[in-house]
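To keep things clear, I will list the structure first and then write my remarks on it.
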Amino acid sequence: MLDNALKSDIQDAYRRVVERLELTPRYGQRLMIAEIARTLGGIEQDGEGKRTNDNHVCVLEAGTGTGKTLAYLIAALPIAKAQGKRLIVSTATVALQEQVLNQDLPSLASHSGIAFRYALAKGRGRYVCVARLDQALEEGVEPNPTLSLFEQSLQSHSSDFSLLATDMAEAYGKGEWEGDRDTWSASIDDGHWRQLTVDHRQCTGRRCGHFGACAFFRSRRELENADVIVANHDLVLADLALGGGAILPDPADCIFIFDEGHHLPDKALSHFAHRFAVHGCLRWLKTLKSSLTDLHQGLAVQPTIARLLAGLPELLHSLEPALGDVFSMGHQLAGRENGLSDEEANHQLRFEKGQVPEALREQAQQLLVMFATLSRSLESISDILRESLDPDKQTGLDREQAEAWLPLIALLHGRSLEAHALWQAFSELDAANAPPSARWITLSRVAGEPEIEFSASPVSAAHTLAKHLWGRCHGAVVTSATLTALGRFERIQERAGLANRYRYQALPSPFDYANAILRVPREATDPSDRDAHESAIVNFVTQLGADEAVLVLFSSRAQLRAVEKALPASAKERVLAQDALPKRELLERHRAAVDDNKGSIIFGLASFAEGIDLPGDYLTHVVITRLPFAVPDDPVGATLAEWIESQGGNPFMRISVPDASIKLVQACGRLIRKESDRGVITLLDRRVITRRYGQALLDALPPFKREIM
């Protein structure tokens, strides 16, 4: 139970912010504060601060205009501080992250009366490595001669790099730059940046001679003192993949706020997927093989390393033909024994229900053993090199030699682990009656040479999130404007592994949706007749008012281009197509046209259905050309659909319709962005009237006025 003192603190903070910022209190916002406070305040913990109950998560759908950022900060921060926990605010987009960091948190700190510190968390790869920067200044265009053995193709040997390194070192030394890529004044070439940063395996941490000046660890020290840490979903998931507590504090010591929480399941899937390109691997194995003499000369003075290096030639000799065999078998299975035809850019073969042919699985098992052996050897060498950097440890190896070779060995170790993970996924048999992993191969050309990539991914992140996130964290809030599908929370529960016992609430919107009209006109057709549907879109766009501010949402780039091409000149001159302009420039031109009392029509794809904010007169008409059904033809979606069907389910009703409902709500949500907004939403897909699922899709929308013809 939330004690009265804490309850009073939250109420007082909310009252102060509302008064000082002259905000209008909203019922949905107050309800959100109450729901979060009730959930987090009800967390029970033992004498060591460990959570002892399992009702610690709430899932809240809060539409645009609710003021959810203020609500979750005001409710969660005092509770987190009282319970001795850190508050992690995680977003899916950079735009929201910047808003929370640069607007919402400073405003709360100034007006709420709550004393707190906050910091931004970024991964190690966003920060310059001072040791690498120092080497770049000393050695010119090759920061590390041993690393360049492996990364020759990636290095950019130019005066531009030397100039960049010099400018960065000067700015960092003067305190004019904090060392992270995102705050550098100009864009940085990816090849240049790779030479100036390290991953967690390459970093030597406290053993590094530049540890005191390290940009990443400086930022980590700021995190240690922060009550609120702003992160993103990718970083949270990367931390969980490393076991939790590697980048962020231990999940057990954190209360998480997942804003834009509907993105979390897809982000999680991408983190748990594995890929392996055969020729790409052969190239780095060949480099390792050709570097063995140099490795012996540099490191064999250490007996254990000498023994490990001595075993590598035989292992590499076995790996190369094994990879050649799996390369050939992949092409045979794909029916492309002679490679891709001249007309094919690539070719994909997905294994039905994720089941790999036995011959391929046997090859995968062989490769799994080989890469396990290689990974262990490289890890052991890496560990000894790290120990050699410690002045208190005697390994028989000079610090200078260890420091020079560690980046290369750590990089190779990482590649070997990635290969091991993929072949493990291809070797395993899926558990009975559980969703399988999707497995597929892709044939392509890289720099004119044939390549084959093996890929594997779970079809659901539910189990992993349930075990490693919800099961471990002290508390969590999942919120978004679109969490329900067809008016229910089952879809997000299923995809994100959220238990039934958690709290779920769809909060009321402050908007009067009667200000908008949802229209299905007579021109609406069934998209299955492509020509008729395209023609209907062209005719409808042509008849739009000359001064209208319109967003037309397409489901395919091909149809967008076809409609644009077919428009008469009078309509085409008002069209701003997503394909033709960068997003920011497109929106600026649109706003300028509206400011000049000229009409403007944006043609956009799916990303514009969620990421566009054009309030007031900047958007008065949203046209949705077709219901946003995603065909589950990607390997992960198709494998999941197969599994659902094998269990007697209907993948269309279980996946496609709920997902279309969420996307339709998001698309309609582009129109009403503040309380005074009004306008029209036109749906040019007659299936919403003629198909049995249509009424369910309509019922899940906000209560717009309806004109269905």
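Chain labels A, B, ... are given in the sequence in which chains occur in the structure tokens; within each chain residues are numbered consecutively from 1, and ligands are likewise numbered from 1 in the order shown.
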Name the residues in contact with region 86-99 of chain A at a cut-off of 9 Å, using only C-alpha atoms, excluding same-chain residues fewer than 5 positions from it; report them as a PyMOL selection string.
chain A and resi 73+76-77+80-81+104-105+120+226-236+248-249+253-264+267
So that I can check the surroundings of region 351-355 of chain A, please list as a PDB file with C-alpha atoms, in the first residue's frame every protein, DNA and RNA residue that reaches within 12 Å of it, counting only C-alpha atoms and ignoring chain neighbours fewer than 2 positions away.
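out.pdb, written as the output of this step:
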ATOM      1  CA  GLY A 330      22.678 -23.814 -48.861  1.00  0.00           C
ATOM      2  CA  LEU A 333      18.566 -26.343 -50.820  1.00  0.00           C
ATOM      3  CA  ALA A 334      17.665 -23.017 -52.426  1.00  0.00           C
ATOM      4  CA  GLN A 348      15.502 -16.264 -49.808  1.00  0.00           C
ATOM      5  CA  LEU A 349      14.585 -19.741 -48.597  1.00  0.00           C
ATOM      6  CA  PRO A 357      16.807 -30.466 -43.017  1.00  0.00           C
ATOM      7  CA  GLU A 358      18.708 -33.128 -41.088  1.00  0.00           C
ATOM      8  CA  ALA A 359      21.793 -32.918 -43.328  1.00  0.00           C
ATOM      9  CA  LEU A 360      22.072 -29.174 -42.715  1.00  0.00           C
ATOM     10  CA  ARG A 361      21.482 -29.638 -38.993  1.00  0.00           C
ATOM     11  CA  ALA A 425      20.231 -21.969 -33.261  1.00  0.00           C
ATOM     12  CA  PHE A 426      20.477 -24.169 -36.389  1.00  0.00           C
ATOM     13  CA  SER A 427      21.558 -27.210 -34.344  1.00  0.00           C
ATOM     14  CA  GLU A 428      18.764 -27.093 -31.767  1.00  0.00           C
ATOM     15  CA  LEU A 429      15.426 -28.842 -31.996  1.00  0.00           C
ATOM     16  CA  ASP A 430      12.513 -26.645 -30.909  1.00  0.00           C
ATOM     17  CA  ALA A 431      10.552 -27.689 -27.846  1.00  0.00           C
ATOM     18  CA  ALA A 434       6.174 -24.137 -28.059  1.00  0.00           C
ATOM     19  CA  PRO A 435       6.632 -21.487 -30.772  1.00  0.00           C
ATOM     20  CA  PRO A 436       9.605 -22.479 -32.957  1.00  0.00           C
ATOM     21  CA  SER A 437      12.496 -20.323 -34.061  1.00  0.00           C
ATOM     22  CA  ALA A 438      12.355 -18.998 -37.608  1.00  0.00           C
ATOM     23  CA  ARG A 439      15.296 -20.151 -39.713  1.00  0.00           C
ATOM     24  CA  TRP A 440      16.137 -19.096 -43.248  1.00  0.00           C
ATOM     25  CA  ILE A 441      18.941 -18.538 -45.751  1.00  0.00           C
ATOM     26  CA  THR A 442      19.506 -15.610 -48.089  1.00  0.00           C
ATOM     27  CA  PHE A 454      22.128 -18.053 -42.520  1.00  0.00           C
ATOM     28  CA  SER A 455      19.625 -16.426 -40.136  1.00  0.00           C
ATOM     29  CA  ALA A 456      17.640 -17.507 -37.092  1.00  0.00           C
ATOM     30  CA  SER A 457      15.242 -15.648 -34.833  1.00  0.00           C
ATOM     31  CA  PRO A 458      12.677 -16.505 -32.191  1.00  0.00           C
ATOM     32  CA  VAL A 459       9.152 -15.744 -33.394  1.00  0.00           C
ATOM     33  CA  ASP A 634       8.846 -12.048 -43.597  1.00  0.00           C
ATOM     34  CA  PRO A 635      10.477 -15.245 -42.249  1.00  0.00           C
ATOM     35  CA  VAL A 636       9.619 -14.518 -38.612  1.00  0.00           C
ATOM     36  CA  GLY A 637       5.980 -13.594 -39.234  1.00  0.00           C
ATOM     37  CA  ALA A 638       5.427 -16.451 -41.679  1.00  0.00           C
ATOM     38  CA  THR A 639       6.884 -19.026 -39.253  1.00  0.00           C
ATOM     39  CA  LEU A 640       4.695 -17.723 -36.432  1.00  0.00           C
ATOM     40  CA  ALA A 641       1.623 -17.888 -38.685  1.00  0.00           C
ATOM     41  CA  GLU A 642       2.445 -21.498 -39.589  1.00  0.00           C
ATOM     42  CA  TRP A 643       2.795 -22.434 -35.938  1.00  0.00           C
ATOM     43  CA  ILE A 644      -0.510 -20.801 -34.956  1.00  0.00           C
ATOM     44  CA  GLU A 645      -2.230 -22.665 -37.797  1.00  0.00           C
ATOM     45  CA  SER A 646      -0.653 -25.952 -36.702  1.00  0.00           C
ATOM     46  CA  GLN A 647      -2.147 -25.370 -33.239  1.00  0.00           C
TER      47      GLN A 647
END
DSSP on the backbone, then: every residue of region 433-520 of chain A marked helix (DSSP H, G or I), written as a ChimeraX atom specification.
/A:462-470,490-496,513-515
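Taking CA of Trp177 (chain A) and CA of Arg124 (chain A) as endpoints, the distance between them is 16.2 Å.
In this model, the gap between CA of Ser661 (chain A) and CA of Leu684 (chain A) comes to 15.8 Å.
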Please, which residues of region 402-541 of chain A, numbered as in this document, come out strand (DSSP E) from DSSP, as number ranges by chain?
A: 437-446, 449-458, 475-480, 503-506, 516-520
Shell around region 33-44 of chain A at 6 Å using only C-alpha atoms, local window under 3 positions removed, as number ranges by chain:
A: 1-2, 30, 51-53, 56, 71, 75
Residues within 12 Å of Ala496 (chain A), please, as a PyMOL selection string. Count only C-alpha atoms; anything in the same chain fewer than 3 positions from it doesn't count.
chain A and resi 59+258+261-269+459-470+478+483+489-493+499-500
Save the residues we just selected, N, CA and C atoms, as a tab-separated table (two decimals), in the first residue's frame?
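Output file result-v2.tsv is given in full below:
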chain	number	residue	atom	x	y	z
A	59	VAL	N	0.24	-1.62	-17.09
A	59	VAL	CA	0.25	-1.40	-18.53
A	59	VAL	C	-0.87	-0.41	-18.82
A	258	PHE	N	8.57	2.20	-19.68
A	258	PHE	CA	8.71	1.99	-21.13
A	258	PHE	C	7.67	2.83	-21.85
A	261	GLY	N	5.80	1.90	-25.51
A	261	GLY	CA	6.01	0.50	-25.14
A	261	GLY	C	5.57	-0.50	-26.19
A	262	HIS	N	4.73	-0.08	-27.14
A	262	HIS	CA	4.29	-1.02	-28.18
A	262	HIS	C	5.44	-1.45	-29.09
A	263	HIS	N	6.56	-0.70	-29.07
A	263	HIS	CA	7.73	-1.08	-29.88
A	263	HIS	C	8.59	-2.15	-29.22
A	264	LEU	N	8.41	-2.38	-27.94
A	264	LEU	CA	9.33	-3.23	-27.19
A	264	LEU	C	9.42	-4.66	-27.74
A	265	PRO	N	8.31	-5.34	-28.06
A	265	PRO	CA	8.43	-6.73	-28.56
A	265	PRO	C	9.25	-6.84	-29.84
A	266	ASP	N	9.02	-5.91	-30.80
A	266	ASP	CA	9.78	-5.97	-32.05
A	266	ASP	C	11.26	-5.67	-31.82
A	267	LYS	N	11.54	-4.69	-30.97
A	267	LYS	CA	12.93	-4.38	-30.64
A	267	LYS	C	13.61	-5.60	-30.02
A	268	ALA	N	12.88	-6.29	-29.14
A	268	ALA	CA	13.44	-7.46	-28.47
A	268	ALA	C	13.75	-8.57	-29.48
A	269	LEU	N	12.85	-8.81	-30.42
A	269	LEU	CA	13.09	-9.84	-31.42
A	269	LEU	C	14.38	-9.58	-32.19
A	459	VAL	N	10.34	-16.40	-32.83
A	459	VAL	CA	9.15	-15.74	-33.39
A	459	VAL	C	8.42	-14.94	-32.33
A	460	SER	N	8.81	-15.13	-31.09
A	460	SER	CA	8.21	-14.37	-30.00
A	460	SER	C	9.28	-14.07	-28.95
A	461	ALA	N	9.24	-12.84	-28.46
A	461	ALA	CA	10.17	-12.46	-27.39
A	461	ALA	C	9.53	-12.59	-26.02
A	462	ALA	N	8.31	-13.15	-25.98
A	462	ALA	CA	7.53	-13.16	-24.73
A	462	ALA	C	8.26	-13.86	-23.60
A	463	HIS	N	8.78	-15.05	-23.86
A	463	HIS	CA	9.42	-15.83	-22.79
A	463	HIS	C	10.65	-15.10	-22.25
A	464	THR	N	11.47	-14.57	-23.18
A	464	THR	CA	12.70	-13.88	-22.76
A	464	THR	C	12.39	-12.63	-21.95
A	465	LEU	N	11.41	-11.83	-22.41
A	465	LEU	CA	11.05	-10.62	-21.67
A	465	LEU	C	10.44	-10.97	-20.31
A	466	ALA	N	9.60	-12.00	-20.29
A	466	ALA	CA	8.99	-12.40	-19.02
A	466	ALA	C	10.03	-12.82	-18.00
A	467	LYS	N	11.03	-13.57	-18.47
A	467	LYS	CA	12.05	-14.10	-17.55
A	467	LYS	C	13.08	-13.05	-17.16
A	468	HIS	N	13.63	-12.34	-18.14
A	468	HIS	CA	14.79	-11.49	-17.89
A	468	HIS	C	14.45	-10.04	-17.57
A	469	LEU	N	13.24	-9.61	-17.94
A	469	LEU	CA	12.87	-8.22	-17.67
A	469	LEU	C	11.80	-8.13	-16.58
A	470	TRP	N	10.59	-8.60	-16.89
A	470	TRP	CA	9.50	-8.47	-15.91
A	470	TRP	C	9.79	-9.28	-14.65
A	478	VAL	N	4.45	0.17	-18.47
A	478	VAL	CA	4.48	0.12	-19.92
A	478	VAL	C	3.36	1.03	-20.41
A	483	LEU	N	-1.73	0.54	-27.19
A	483	LEU	CA	-1.36	-0.75	-26.62
A	483	LEU	C	-2.47	-1.79	-26.80
A	489	PHE	N	-6.15	-5.87	-24.46
A	489	PHE	CA	-4.71	-5.88	-24.21
A	489	PHE	C	-4.06	-7.23	-24.56
A	490	GLU	N	-4.83	-8.20	-25.05
A	490	GLU	CA	-4.29	-9.55	-25.25
A	490	GLU	C	-3.08	-9.59	-26.18
A	491	ARG	N	-3.07	-8.77	-27.23
A	491	ARG	CA	-1.99	-8.83	-28.21
A	491	ARG	C	-0.66	-8.40	-27.59
A	492	ILE	N	-0.64	-7.30	-26.85
A	492	ILE	CA	0.61	-6.86	-26.23
A	492	ILE	C	1.02	-7.83	-25.12
A	493	GLN	N	0.05	-8.41	-24.42
A	493	GLN	CA	0.38	-9.43	-23.42
A	493	GLN	C	1.11	-10.60	-24.06
A	499	ALA	N	2.13	-10.76	-17.84
A	499	ALA	CA	1.24	-11.69	-17.14
A	499	ALA	C	-0.15	-11.10	-16.94
A	500	ASN	N	-1.14	-11.98	-16.85
A	500	ASN	CA	-2.52	-11.55	-16.62
A	500	ASN	C	-2.68	-10.80	-15.30
Could you list, with a cut-off of 10 Å and counting only C-alpha atoms, the residues of region 356-417 of chain A near region 286-301 of chain A, each shown with its nearest atom pair and the distance in Å rounded to one decimal, rows sorted by chain and ascending number, as a Markdown table?
| residue | atom | partner | partner_atom | distance |
| --- | --- | --- | --- | --- |
| A:Ile381 | CA | A:Leu299 | CA | 9.3 |
| A:Leu385 | CA | A:Leu299 | CA | 9.1 |
| A:Thr395 | CA | A:Val301 | CA | 9.9 |
| A:Gly396 | CA | A:Val301 | CA | 7.2 |
| A:Leu397 | CA | A:Val301 | CA | 6.9 |
| A:Asp398 | CA | A:Leu299 | CA | 9.1 |
| A:Gln401 | CA | A:Gly298 | CA | 6.6 |
| A:Ala402 | CA | A:Leu299 | CA | 7.9 |
| A:Ala404 | CA | A:Gly298 | CA | 9.3 |
| A:Trp405 | CA | A:Leu295 | CA | 8.1 |
| A:Leu408 | CA | A:Leu288 | CA | 9.5 |
| A:Ile409 | CA | A:Leu288 | CA | 9.4 |
| A:Leu412 | CA | A:Leu288 | CA | 8.2 |
I need the chosen residues saved as an mmCIF file, in the first residue's frame, with N, CA and C atoms.
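Saved the output as result.cif:
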data_model
loop_
_atom_site.group_PDB
_atom_site.id
_atom_site.type_symbol
_atom_site.label_atom_id
_atom_site.label_comp_id
_atom_site.auth_asym_id
_atom_site.auth_seq_id
_atom_site.Cartn_x
_atom_site.Cartn_y
_atom_site.Cartn_z
ATOM 1 N N ILE A 381 42.921 -16.400 -24.606
ATOM 2 C CA ILE A 381 43.998 -15.470 -24.972
ATOM 3 C C ILE A 381 43.642 -14.052 -24.534
ATOM 4 N N LEU A 385 45.613 -11.486 -21.967
ATOM 5 C CA LEU A 385 46.023 -10.152 -22.390
ATOM 6 C C LEU A 385 45.496 -9.092 -21.418
ATOM 7 N N THR A 395 52.028 -12.244 -15.838
ATOM 8 C CA THR A 395 51.648 -13.244 -16.841
ATOM 9 C C THR A 395 52.821 -13.631 -17.729
ATOM 10 N N GLY A 396 53.927 -12.894 -17.622
ATOM 11 C CA GLY A 396 55.050 -13.161 -18.494
ATOM 12 C C GLY A 396 54.970 -12.416 -19.812
ATOM 13 N N LEU A 397 53.982 -11.511 -19.934
ATOM 14 C CA LEU A 397 53.794 -10.769 -21.179
ATOM 15 C C LEU A 397 53.870 -9.275 -20.874
ATOM 16 N N ASP A 398 54.562 -8.524 -21.711
ATOM 17 C CA ASP A 398 54.680 -7.082 -21.514
ATOM 18 C C ASP A 398 53.334 -6.397 -21.729
ATOM 19 N N GLN A 401 52.776 -5.187 -25.391
ATOM 20 C CA GLN A 401 52.364 -6.220 -26.346
ATOM 21 C C GLN A 401 50.888 -6.569 -26.144
ATOM 22 N N ALA A 402 50.496 -6.725 -24.884
ATOM 23 C CA ALA A 402 49.097 -7.069 -24.586
ATOM 24 C C ALA A 402 48.155 -5.976 -25.079
ATOM 25 N N ALA A 404 48.598 -3.859 -27.445
ATOM 26 C CA ALA A 404 48.577 -3.777 -28.904
ATOM 27 C C ALA A 404 47.689 -4.850 -29.529
ATOM 28 N N TRP A 405 47.704 -6.066 -28.939
ATOM 29 C CA TRP A 405 47.000 -7.191 -29.563
ATOM 30 C C TRP A 405 45.579 -7.416 -29.046
ATOM 31 N N LEU A 408 42.401 -6.662 -31.450
ATOM 32 C CA LEU A 408 42.201 -7.642 -32.516
ATOM 33 C C LEU A 408 41.628 -8.949 -31.969
ATOM 34 N N ILE A 409 42.220 -9.470 -30.900
ATOM 35 C CA ILE A 409 41.754 -10.743 -30.340
ATOM 36 C C ILE A 409 40.311 -10.617 -29.849
ATOM 37 N N LEU A 412 37.965 -10.614 -32.876
ATOM 38 C CA LEU A 412 37.818 -11.964 -33.416
ATOM 39 C C LEU A 412 36.971 -12.835 -32.487
#
